[in-house]
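K.L.:
Here it is, the structure in full.
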Amino acid sequence: MELTPPALIVIALLLAAWTIAAAVLVLRAGAKTSRAKALQTSLRRMQHLIDVAPAIPLLVRTDGRIEAPERLARWLGLSQIPAYLSELVGEDGEGLSRPQVDELWEKVRTTQKSASPFSMTVTPPGSQRSLALEGSLADAQVSPGGAAIVWVFDFTASESELARLSEEASNAKSDFASLSGLIASAPTPMWIRDTDMNIRLANEAYIEAVGADSLEAVIEGQIELLEARDGQSPAQIAMEAYQSKKQIDRIDGVTIDGERRSMRVTDLPLGEDGVAGYAIDVEEQQQLARDFRAFREAQRSMLDQLSVGVAQFAPDETLSFANRPFRRLFGLFSNDALEGKLLFSRLLSDARERGQTPEVRDFPEWREEHRSWFDASETQEENWPLPGGMHLRIVAQPMPDGGLVMIAEDRTEQLALSATRDTLLRTRTATLDSLIEALAIFAPDGSVQLWNRSFAGTWGLSGEFLDTHPSAQDLLGAIGSNLQDPYETEAIGAVVRAATLDRQEKQGQVRLSDGRTLRFAGAPLPDGNGLLTVLDVTDSQKAEQALRDRAKALEEADAVKARFLANMSYEFRTPLTTIGGYAELLASGAAGEMNEAASEYVDAILTSAARLTEQVENVLDLSQTEAGLMPITKEDVDLLPFLTALVRERETAIVKAGIGLDLKGRRGRMVEADPRQLGRAVGNLIDNAIAGTPEGGKITIQLPKPAREDDWRGRIIIQDDGCGMSREQLERAMGASSQPEEPGEGAGLGIRLAHQLVAAHGGMLELDSQEGVGTIAMITLP
């Protein structure tokens, strides 16, 4: 219990009274021994009371002498009470300090003179004890002559408690000021309601949010930040929190500066003092939550479009999501699966019943092992070969929240494709090894990736060297020692670079030191690699050189033939002209009249000379066309009048042969051609048709009508129903056969000449003939 100074003074006075009473009893004890014993007992009791009293009396006389119990000496750290007040000054942390003694002496003297009480507190040096000194003028019965009595109280514990309470009060005041400043500067609206749920305090954020001018305006108008909810005002909701002594949290919409925002509102009871409220802006959190939900829905929609099955399990091992491929793969169409109630272990059990898990000896143990996926620290991956030939690849990814993502991929088709691919690779290897060409495939970095069996032997390399997949530089270094000119490796390197880097085709040729000639070419491949093909052309070059030599000899022979034909044609033409001239003179009667037989002989001579002259002209023209020396002078030619003239020239022969000829077409079919040379070509074909058509046969010459008038091309069709020609005869007639013409097939020379003359016009002659059916010749002119 804590005693106030007045109470201490009263107690001290009572003790003094008891002391005086004890002294009176001692004086009276002199009269009677029995009373003396009683008085001694009382004195001892009073002395004991003084010893245990909370205050110690100190009597100071006018001359500075002092009287006090020994207990005061212990309080002051002295061995005994000195005789004078000035001797209370101690050394080495004992007694009082000199200033304290001087101050106490001054106060005592003042009290002795004026009888005014005084009080002071001292702390002896080197001591943690706090002493309170209460002084007053002593009663004359205690000490006559104006002595002062000073009561000394030890309030060390009281002072510590007061200091603690003062510090706590100071800290509480500081904390309250800090808290008030924190609330005032808080970015979120905060307010306090009294027991009637009226607003009595609000921070700046609240004032700004409601658009008020000051706190006084908010309190006076009781301006609410929140709106009524479910028919309850904000004050009523706060009253529920106050009465239930429980915090109420909710999310309300608040309009601030014309913008609607979501805020988390909390009403917090403050005991019996009211309710505190605050509102935290969670608009961004709500927006993030909406965005997350939208992202999750979009992600799930995207996962539904995948061909791989994906499922997500919650930490309690229940299925929370499964995309369509996963549900289709594991047959998850029940309400439990769709509502997220399907356990992982139940999923495995149902899958086993449908034959969608591997065949294992102990399924319960296998299932428990797979449940440990939820506690795994790394991704788990397994291959599930299923009955029926299906093969699944399962990947389990533990999630930080304790859940699990399970991915199921149907690799049945992929494995089948892989097997097919392996077969194709083996087939490719066998195919490459069976090729005549040596080839190698280079990666973009220049290293050899693939080669066939012929590649090493063609370049004179070892198979062990190629097995190291050397770079292009190392490969060229090994090839260079086998070349006649080692610098030709640069050409090979350029081809490889063009195929792999420049993506261009390039080729070249080198000679090896053993005399072989290799032709190589590079080509880019679609996969970014480059292909180098190498072919040994030594034999083909030798054959090519032989062919060149033969062609040159043939050209020289052809030139000799052309010159021979030209000379022979000239030599034949001169005597034939002479023979024809003399025969004509004989026929005209210049040598006299001839009988009928001589006239027939002369006519036969003229006919044979004319025919021989024509054959000589044909041979000469044929040699010129084959040599490309036939002069062609083109002009516009109307085909119908042109063909009519050719037919009339052969009218006598047609009538004599007893055959018919039909010419079909119309005027205006114009072509650009040399009339003389084209006439010779068409005339030869008509002559052959006349010669090959028996009596009673028919020849048809027509200009076919085009499909469109603007699509006219010069076409002439000559058709007969004569004896026709075999395939061999037709080839010899066209000059496509190397066999010489048989005697009696001189008509073939006309067909060959016609072919050459049509080709000289830039056109084409096509023949179709069958023995016993007839022949069709079609000329197409540009």
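Identifiers in the structure tokens: chain A, B, ... in order shown; residue index from 1 per chain; ligand index from 1 in order shown.
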Contacts of Gln380 (chain A) at 10 Å or less, counting only C-alpha atoms, minus same-chain residues fewer than 5 places along, as a list of chain:residue names?

P.N.:
A:His370, A:Trp373, A:Ile394, A:Val395, A:Ala396, A:Gln397, A:Pro398, A:Met406

K.L.:
Store the residues of this selection in a file with C-alpha atoms, as a short mmCIF file (atom, residue, chain, number, x, y, z; two decimals), in the first residue's frame.

P.N.:
data_model
loop_
_atom_site.label_atom_id
_atom_site.label_comp_id
_atom_site.auth_asym_id
_atom_site.auth_seq_id
_atom_site.Cartn_x
_atom_site.Cartn_y
_atom_site.Cartn_z
CA HIS A 370 1.69 -43.00 -57.35
CA TRP A 373 3.56 -37.92 -56.43
CA ILE A 394 2.37 -39.75 -68.08
CA VAL A 395 4.01 -36.66 -66.57
CA ALA A 396 3.22 -35.61 -62.97
CA GLN A 397 4.25 -32.12 -61.87
CA PRO A 398 3.92 -31.36 -58.12
CA MET A 406 -1.02 -34.69 -64.46
#

K.L.:
Per DSSP on the backbone, filter region 387-421 of chain A down to the residues in strand (DSSP E or B) and report them as a PyMOL selection string.

P.N.:
chain A and resi 391-398+404-410

K.L.:
Which residue out of A:Glu167, A:Glu635, A:Glu695, A:Asp63 has the minimum interatomic distance to Leu661 (chain A) when only C-alpha atoms are used?

P.N.:
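Using only C-alpha atoms, the shortest distance to Leu661 (chain A) belongs to A:Glu695.
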
K.L.:
Measuring atom to atom with only C-alpha atoms, identify which of A:Arg727, A:Arg324, A:Arg648, A:Arg752 is nearest to Leu306 (chain A).

P.N.:
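Result for the nearest residue to Leu306 (chain A): A:Arg324.
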
K.L.:
Can you pull out the residues contacting Leu270 (chain A)? Cut-off 9 Å, using only C-alpha atoms, and skip same-chain residues under 6 positions away; I want them as a list in words.

P.N.:
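My list of contacting residues is Tyr242, Lys245 and Ala276 of chain A.
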
K.L.:
Keeping only C-alpha atoms, write those residues as a compact mmCIF listing (two decimals), in the first residue's frame.

P.N.:
# COMPACT_ATOMS: atom_id res chain seq x y z
CA TYR A 242 -20.47 -3.53 -31.01
CA LYS A 245 -18.14 -7.92 -29.69
CA ALA A 276 -13.45 1.61 -35.09

K.L.:
What is the distance, in Å and to one decimal place, between CA of Pro444 (chain A) and CA of Asp485 (chain A)?

P.N.:
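Computing the Euclidean distance for CA of Pro444 (chain A) and CA of Asp485 (chain A) yields 27.0 Å.
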
K.L.:
Using only C-alpha atoms, which residue out of A:Gly403, A:Gly95, A:Gly692, A:Pro782 lies closest to Gly763 (chain A)?

P.N.:
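Looking only at the distances to Gly763 (chain A), the closest residue turns out to be A:Pro782.
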